[in-house]
Structure formats: structure tokens, C-alpha cells
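**Q** The structure file upload-v4.txt (compact mmCIF, C-alpha atoms) is provided below.
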# COMPACT_ATOMS: atom_id res chain seq x y z
CA MET A 1 -46.59 -34.99 61.77
CA SER A 2 -44.51 -33.86 58.77
CA LEU A 3 -45.11 -33.01 55.15
CA PRO A 4 -45.52 -36.02 52.85
CA ALA A 5 -43.07 -36.22 49.95
CA ASP A 6 -45.90 -35.68 47.46
CA ALA A 7 -47.53 -32.81 49.36
CA GLU A 8 -48.62 -29.75 47.39
CA LEU A 9 -49.00 -26.28 48.89
CA GLY A 10 -52.26 -25.75 47.05
CA HIS A 11 -53.71 -28.80 48.79
CA LEU A 12 -52.68 -27.46 52.20
CA ARG A 13 -54.19 -24.10 51.35
CA THR A 14 -57.44 -25.88 50.52
CA GLN A 15 -57.27 -27.70 53.85
CA ALA A 16 -57.05 -24.32 55.59
CA LYS A 17 -60.08 -23.00 53.70
CA ASP A 18 -62.03 -26.15 54.59
CA LEU A 19 -61.05 -25.83 58.26
CA ARG A 20 -62.16 -22.23 58.38
CA LEU A 21 -65.57 -23.15 56.96
CA ALA A 22 -65.81 -26.07 59.38
CA VAL A 23 -65.16 -23.77 62.34
CA ILE A 24 -67.67 -21.20 61.10
CA ASN A 25 -70.29 -23.92 60.60
CA ALA A 26 -69.50 -25.65 63.92
CA HIS A 27 -68.59 -29.01 62.40
CA PRO A 28 -67.69 -31.66 65.00
CA GLY A 29 -64.04 -31.51 66.00
CA ALA A 30 -63.27 -28.32 64.10
CA HIS A 31 -63.25 -26.05 67.15
CA ALA A 32 -60.98 -28.43 69.03
CA ARG A 33 -58.48 -28.39 66.15
CA ALA A 34 -58.61 -24.61 65.99
CA ALA A 35 -58.17 -24.24 69.75
CA ALA A 36 -55.13 -26.53 69.84
CA ILE A 37 -52.72 -23.67 69.08
CA GLY A 38 -54.40 -20.93 71.09
CA ALA A 39 -55.59 -20.13 74.56
CA GLY A 40 -59.27 -20.49 75.31
CA PRO A 41 -62.28 -21.10 73.06
CA VAL A 42 -62.37 -20.11 69.40
CA ASP A 43 -64.68 -17.33 68.22
CA PRO A 44 -66.00 -18.45 64.79
CA ALA A 45 -66.80 -14.85 63.83
CA ARG A 46 -63.14 -13.89 64.22
CA PHE A 47 -61.54 -17.08 62.90
CA GLY A 48 -59.98 -16.00 59.61
CA LEU A 49 -57.98 -17.72 56.90
CA HIS A 50 -54.69 -16.73 58.54
CA ASP A 51 -55.85 -18.51 61.70
CA ALA A 52 -56.80 -21.63 59.78
CA GLN A 53 -53.45 -21.63 57.99
CA ALA A 54 -51.68 -21.39 61.35
CA VAL A 55 -53.57 -24.47 62.55
CA ILE A 56 -52.65 -26.45 59.43
CA ALA A 57 -49.01 -25.41 59.83
CA HIS A 58 -49.07 -26.57 63.46
CA GLU A 59 -50.58 -29.91 62.49
CA TYR A 60 -47.75 -30.51 60.05
CA GLY A 61 -45.11 -29.64 62.63
CA PHE A 62 -44.39 -26.03 61.66
CA ARG A 63 -44.43 -22.96 63.88
CA ARG A 64 -46.26 -20.77 61.37
CA TRP A 65 -47.71 -20.82 57.85
CA GLN A 66 -44.79 -18.86 56.40
CA ASP A 67 -42.52 -21.73 57.42
CA VAL A 68 -44.69 -24.12 55.40
CA VAL A 69 -44.35 -21.89 52.33
CA SER A 70 -40.58 -21.70 52.83
CA ALA A 71 -40.35 -25.48 53.16
CA PHE A 72 -41.97 -25.93 49.77
CA GLY A 73 -39.85 -23.19 48.23
CA SER A 74 -36.63 -24.85 49.38
CA ARG A 75 -37.45 -27.83 47.19
CA ARG A 76 -36.97 -25.74 44.04
CA PRO A 77 -33.34 -25.93 42.81
CA SER A 78 -33.19 -23.15 40.22
CA GLN A 79 -32.96 -19.56 41.47
CA GLY A 80 -35.18 -18.32 38.65
CA ASP A 81 -37.70 -21.06 39.30
CA LEU A 82 -37.56 -20.26 43.00
CA HIS A 83 -38.40 -16.60 42.39
CA ARG A 84 -41.26 -17.58 40.10
CA TRP A 85 -42.54 -20.14 42.58
CA PHE A 86 -42.56 -17.65 45.45
CA ALA A 87 -44.22 -15.01 43.24
CA VAL A 88 -47.04 -17.39 42.32
CA GLU A 89 -47.55 -18.66 45.86
CA LEU A 90 -47.46 -15.22 47.46
CA ASN A 91 -49.93 -13.96 44.88
CA ASN A 92 -52.25 -16.94 45.32
CA GLU A 93 -52.26 -16.64 49.08
CA LEU A 94 -52.93 -12.92 48.95
CA GLY A 95 -55.73 -13.54 46.48
CA ASP A 96 -57.42 -15.69 49.12
CA LEU A 97 -57.25 -12.85 51.65
CA LEU A 98 -57.59 -9.68 49.60
CA PHE A 99 -61.34 -9.20 49.83
CA GLU A 100 -61.35 -9.79 53.57
CA LEU A 101 -59.06 -6.85 54.22
CA THR A 102 -60.47 -3.58 55.55
CA PRO A 103 -59.08 -0.56 57.40
CA HIS A 104 -60.34 -2.31 60.56
CA THR A 105 -58.25 -5.43 59.96
CA PRO A 106 -55.61 -5.69 62.72
CA ARG A 107 -52.57 -3.60 61.84
CA ALA A 108 -50.22 -6.58 61.82
CA GLU A 109 -52.39 -8.36 59.24
CA GLN A 110 -52.65 -5.21 57.12
CA ASP A 111 -48.87 -4.87 57.09
CA ARG A 112 -48.37 -8.54 56.28
CA ALA A 113 -50.72 -8.35 53.30
CA LEU A 114 -49.06 -5.21 51.92
CA TYR A 115 -45.55 -6.61 52.33
CA GLN A 116 -46.73 -9.82 50.71
CA ALA A 117 -47.93 -7.87 47.66
CA TYR A 118 -44.58 -6.10 47.42
CA ALA A 119 -42.70 -9.37 47.83
CA ALA A 120 -44.68 -10.99 45.02
CA CYS A 121 -43.81 -8.08 42.73
CA PHE A 122 -40.13 -8.35 43.64
CA HIS A 123 -40.04 -12.08 42.90
CA TRP A 124 -41.71 -11.52 39.52
CA LEU A 125 -39.07 -8.96 38.64
CA GLU A 126 -36.32 -11.39 39.66
CA ALA A 127 -37.78 -14.46 37.95
CA GLY A 128 -36.14 -15.09 34.60
CA SER A 129 -39.46 -16.33 33.28
CA GLY A 130 -41.41 -13.37 34.63
CA THR A 131 -43.09 -11.10 32.09
CA VAL A 132 -44.07 -7.47 31.92
CA ALA A 133 -47.66 -8.67 32.33
CA ASN A 134 -46.74 -10.33 35.63
CA HIS A 135 -45.15 -7.04 36.71
CA GLY A 136 -48.22 -5.02 35.78
CA ARG A 137 -50.59 -7.35 37.59
CA ALA A 138 -48.36 -7.23 40.65
CA GLU A 139 -48.56 -3.41 40.62
CA TYR A 140 -52.34 -3.78 40.51
CA THR A 141 -52.29 -6.08 43.53
CA ILE A 142 -50.17 -3.66 45.54
CA ALA A 143 -52.56 -0.82 44.74
CA TRP A 144 -55.68 -2.87 45.52
CA THR A 145 -54.21 -4.08 48.82
CA ALA A 146 -53.31 -0.53 49.82
CA LEU A 147 -56.82 0.69 49.02
CA ALA A 148 -58.45 -2.17 50.92
CA ILE A 149 -56.58 -1.31 54.12
CA GLY A 150 -57.16 2.42 53.82
CA ARG A 151 -53.78 3.59 52.52
CA PRO A 152 -54.64 5.34 49.23
CA HIS A 153 -51.38 7.32 49.26
CA ILE A 154 -49.62 4.04 48.46
CA ALA A 155 -52.13 3.11 45.76
CA VAL A 156 -51.41 6.45 44.06
CA LEU A 157 -47.84 5.26 43.47
CA HIS A 158 -48.76 1.89 41.97
CA ALA A 159 -52.15 2.07 40.24
CA PRO A 160 -50.83 4.23 37.36
CA ARG A 161 -47.88 1.90 36.82
CA TYR A 162 -50.11 -0.90 35.54
CA ALA A 163 -51.57 1.39 32.86
CA GLU A 164 -48.09 2.71 32.00
CA LEU A 165 -46.75 -0.79 31.37
CA ILE A 166 -49.75 -1.61 29.19
CA ALA A 167 -49.18 1.55 27.17
CA GLN A 168 -45.49 0.70 26.73
CA GLN A 169 -46.01 -2.92 25.66
CA PRO A 170 -49.67 -3.40 24.68
CA ASP A 171 -49.06 -6.72 22.92
CA ALA A 172 -47.89 -8.27 26.18
CA PHE A 173 -51.28 -7.74 27.85
CA THR A 174 -54.87 -8.90 27.39
CA ASP A 175 -58.03 -6.85 27.06
CA TRP A 176 -58.93 -7.66 30.66
CA ASP A 177 -55.64 -6.15 31.81
CA GLY A 178 -56.76 -2.85 30.35
CA ALA A 179 -60.10 -3.10 32.13
CA LEU A 180 -58.49 -3.90 35.49
CA ALA A 181 -55.96 -1.10 35.08
CA ALA A 182 -58.85 1.31 34.48
CA GLU A 183 -60.73 -0.11 37.47
CA VAL A 184 -57.89 0.39 39.94
CA LEU A 185 -57.19 3.88 38.61
CA ALA A 186 -60.86 4.79 39.10
CA ARG A 187 -60.89 3.27 42.59
CA THR A 188 -57.76 5.20 43.54
CA ALA A 189 -59.26 8.41 42.18
CA ALA A 190 -62.36 7.82 44.29
CA ALA A 191 -60.25 7.17 47.39
CA THR A 192 -58.36 10.41 46.94
CA GLY A 193 -61.39 12.53 46.03
CA ALA A 194 -60.31 13.21 42.45
CA PRO A 195 -63.04 15.01 40.46
CA ASP A 196 -62.77 12.63 37.49
CA ALA A 197 -63.36 9.47 39.58
CA GLY A 198 -66.88 8.97 38.24
CA ALA A 199 -65.79 9.29 34.62
CA LEU A 200 -62.91 6.89 35.23
CA ARG A 201 -65.27 4.35 36.75
CA SER A 202 -67.61 4.62 33.77
CA HIS A 203 -64.65 4.08 31.45
CA ALA A 204 -63.61 1.01 33.42
CA GLY A 205 -67.13 -0.37 33.13
CA HIS A 206 -67.08 0.19 29.38
CA LEU A 207 -63.77 -1.65 29.02
CA ALA A 208 -65.03 -4.47 31.20
CA GLY A 209 -68.01 -4.92 28.90
CA GLN A 210 -65.65 -5.19 25.91
CA VAL A 211 -63.58 -8.08 27.32
CA ALA A 212 -63.88 -10.84 24.73
CA ASP A 213 -63.66 -13.94 26.91
CA PRO A 214 -66.93 -14.44 28.86
CA GLY A 215 -65.19 -15.89 31.92
CA ALA A 216 -62.65 -13.08 32.10
CA ARG A 217 -65.40 -10.51 31.51
CA GLU A 218 -67.37 -11.92 34.44
CA VAL A 219 -64.33 -11.75 36.72
CA VAL A 220 -63.62 -8.13 35.81
CA GLN A 221 -67.24 -7.10 36.21
CA ASP A 222 -67.36 -8.85 39.58
CA ARG A 223 -64.26 -6.91 40.61
CA LEU A 224 -65.91 -3.65 39.57
CA GLY A 225 -68.90 -4.49 41.70
CA ARG A 226 -66.86 -4.93 44.86
CA GLN A 227 -66.25 -2.35 47.54
CA PRO A 228 -64.56 -0.17 48.54
CA TRP A 229 -65.60 2.61 46.19
CA PHE A 230 -65.26 5.27 48.85
CA GLY A 231 -68.75 6.67 48.48
CA LEU A 232 -68.62 6.90 44.68
CA SER A 233 -71.98 5.99 43.16
CA GLN A 234 -72.18 3.86 40.05
CA GLY A 235 -73.01 5.80 36.98
Give the structure from the file, written as C-alpha cells.

**A**
Amino acid sequence: MSLPADAELGHLRTQAKDLRLAVINAHPGAHARAAAIGAGPVDPARFGLHDAQAVIAHEYGFRRWQDVVSAFGSRRPSQGDLHRWFAVELNNELGDLLFELTPHTPRAEQDRALYQAYAACFHWLEAGSGTVANHGRAEYTIAWTALAIGRPHIAVLHAPRYAELIAQQPDAFTDWDGALAAEVLARTAAATGAPDAGALRSHAGHLAGQVADPGAREVVQDRLGRQPWFGLSQG
């Protein structure tokens, strides 16, 4: 099997999400598909999105999911467009995985996620159409990924950069950027035991409540409600 000429990576990513749910819910045929690239039966409790993506890649004739992404990227002729395309796709794929990451995630998957966040930032910086807002949000993603996998020393290097870029070019960012920058700073402070972590979290909550667009406000508030907060109580 090969990729159709009109195939879209987003559609394949959706196929992987659907397969993962099918395996978890024991839909007929799903376990057999999942087991086709491995040895032995599939454990639904341990079958993650990366596993589902590997199955989809195999079904389309690729060795791994990264080869699928590269195949789509090679269709883009312009170097600037190629950088932008990879930045968007890397970011989207990481967004699917980010809240599944923990310090107990296998080390290889932790490393892949962190390198993916760095790669997305690099491609935004290289894309001619990339903006300072794209850069800032990429710094946020690096910091959040590092915190999720238990590496706060890396988050310390990147969380402040988002806020710095906002301060330098405020007109390039939205109100929800400010709220997310405050959130990741507070989370990093909590992870490192900083005494002002509670005050920073309260400030982030205040900014989240001030986001004008209801949909964006809901997203930011949802993000604030997610772990890890490293033992910091809400207040």
C-alpha cells in the first residue's frame, strides 16, 4: 500500500488516533492490525499514539511514522514553505502527545518529544513566514515538554524566553499569549521550588480570566488546570 496522491498528513494522524481508541475499546480487528508490526499480543493499556502511528505508517508501506512525515514534507518545493510545513506538523504531532508525557514515559519517547519541540522551534526560526509569536509559542512548548518529563532545568532556560519576546514586541502577541507565558513561568517556578510560585500561579489565573475570546479563555484555563503543578496548591 502507498500514499494516495491526495493524501493529507492530518487525515493519517486522525487514522492513528482512531486506531488507538479502537484498540483500547477492543473493536473487532483493531488488535490484529496493531499486532501486525510487533511480536505477541497487544496490551491496550500500553498502546499509545506513537504505537498507533507506527501501525499506520506500516500499513502505508513506511518503516516508521517519521518517514511518513518526511514523505509529505518532500512534496513542498520552497525551502521557506518546507520549514514552515515541518514546524506546523512537528508542533501538531507534539500537541497530540504532550499531555501523555510523564517522568515515567520511556526515556526514548521522552527524548523524542523534547527533540521534536526543539526541531519545531528551529523550523519556525528558519521559515521566512515565521513570526516572533511562532517563536515564543515554540519556547513555551519546549518548556512545557521539559516539565512534563521531569527536566525542569531545561524549562528554566525556555519559559522566561516567551515572556521576554512578548515584552519586546507586545503587538505581535495576543492576550492569551501573555496568560500562557505566565502559566509556564509559574509551573517552572513550582518545579524548581521557587518561593514566588504561588503568586505567579495566581497571576497566571488572573490573566487567563482576562482573555477576551471565550474559546481562547477556556483553552488557557484548561491548561492551568492540568498537572503537573509539582505539589503547588491552587490559591

**Q** Which of these residues is nearest to A:Gln227, using all atoms listed in the file: A:Val68, A:Leu147, A:Leu12, A:Ala36?

**A**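 Looking only at the distances to A:Gln227, the closest residue turns out to be A:Leu147.
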
**Q** At what distance in Å, to one decimal, does atom CA of A:Leu101 lie from atom CA of A:Ile149?

**A**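 These atoms are spaced 6.1 Å apart.
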
**Q** Could you check the closest approach to A:Arg201 for each of A:Arg84, A:His27, A:Lys17, A:Arg187 and tell me which residue wins, using only C-alpha atoms?

**A**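 Going through A:Arg84, A:His27, A:Lys17, A:Arg187 one by one, the smallest distance to A:Arg201 is for A:Arg187.
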
**Q** Smallest atom-to-atom distance to A:Trp65: which of A:Arg13, A:Pro195, A:Ala179, A:Asn91, using all atoms listed in the file?

**A**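 Checking each of A:Arg13, A:Pro195, A:Ala179, A:Asn91 against A:Trp65, counting all atoms listed in the file, the winner is A:Arg13.
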
**Q** Just to confirm, what's the straight-line distance from atom CA of A:Ala167 to atom CA of A:Leu180 in Å (one decimal)?

**A**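 For atom CA of A:Ala167 relative to atom CA of A:Leu180, the distance reads 13.6 Å.
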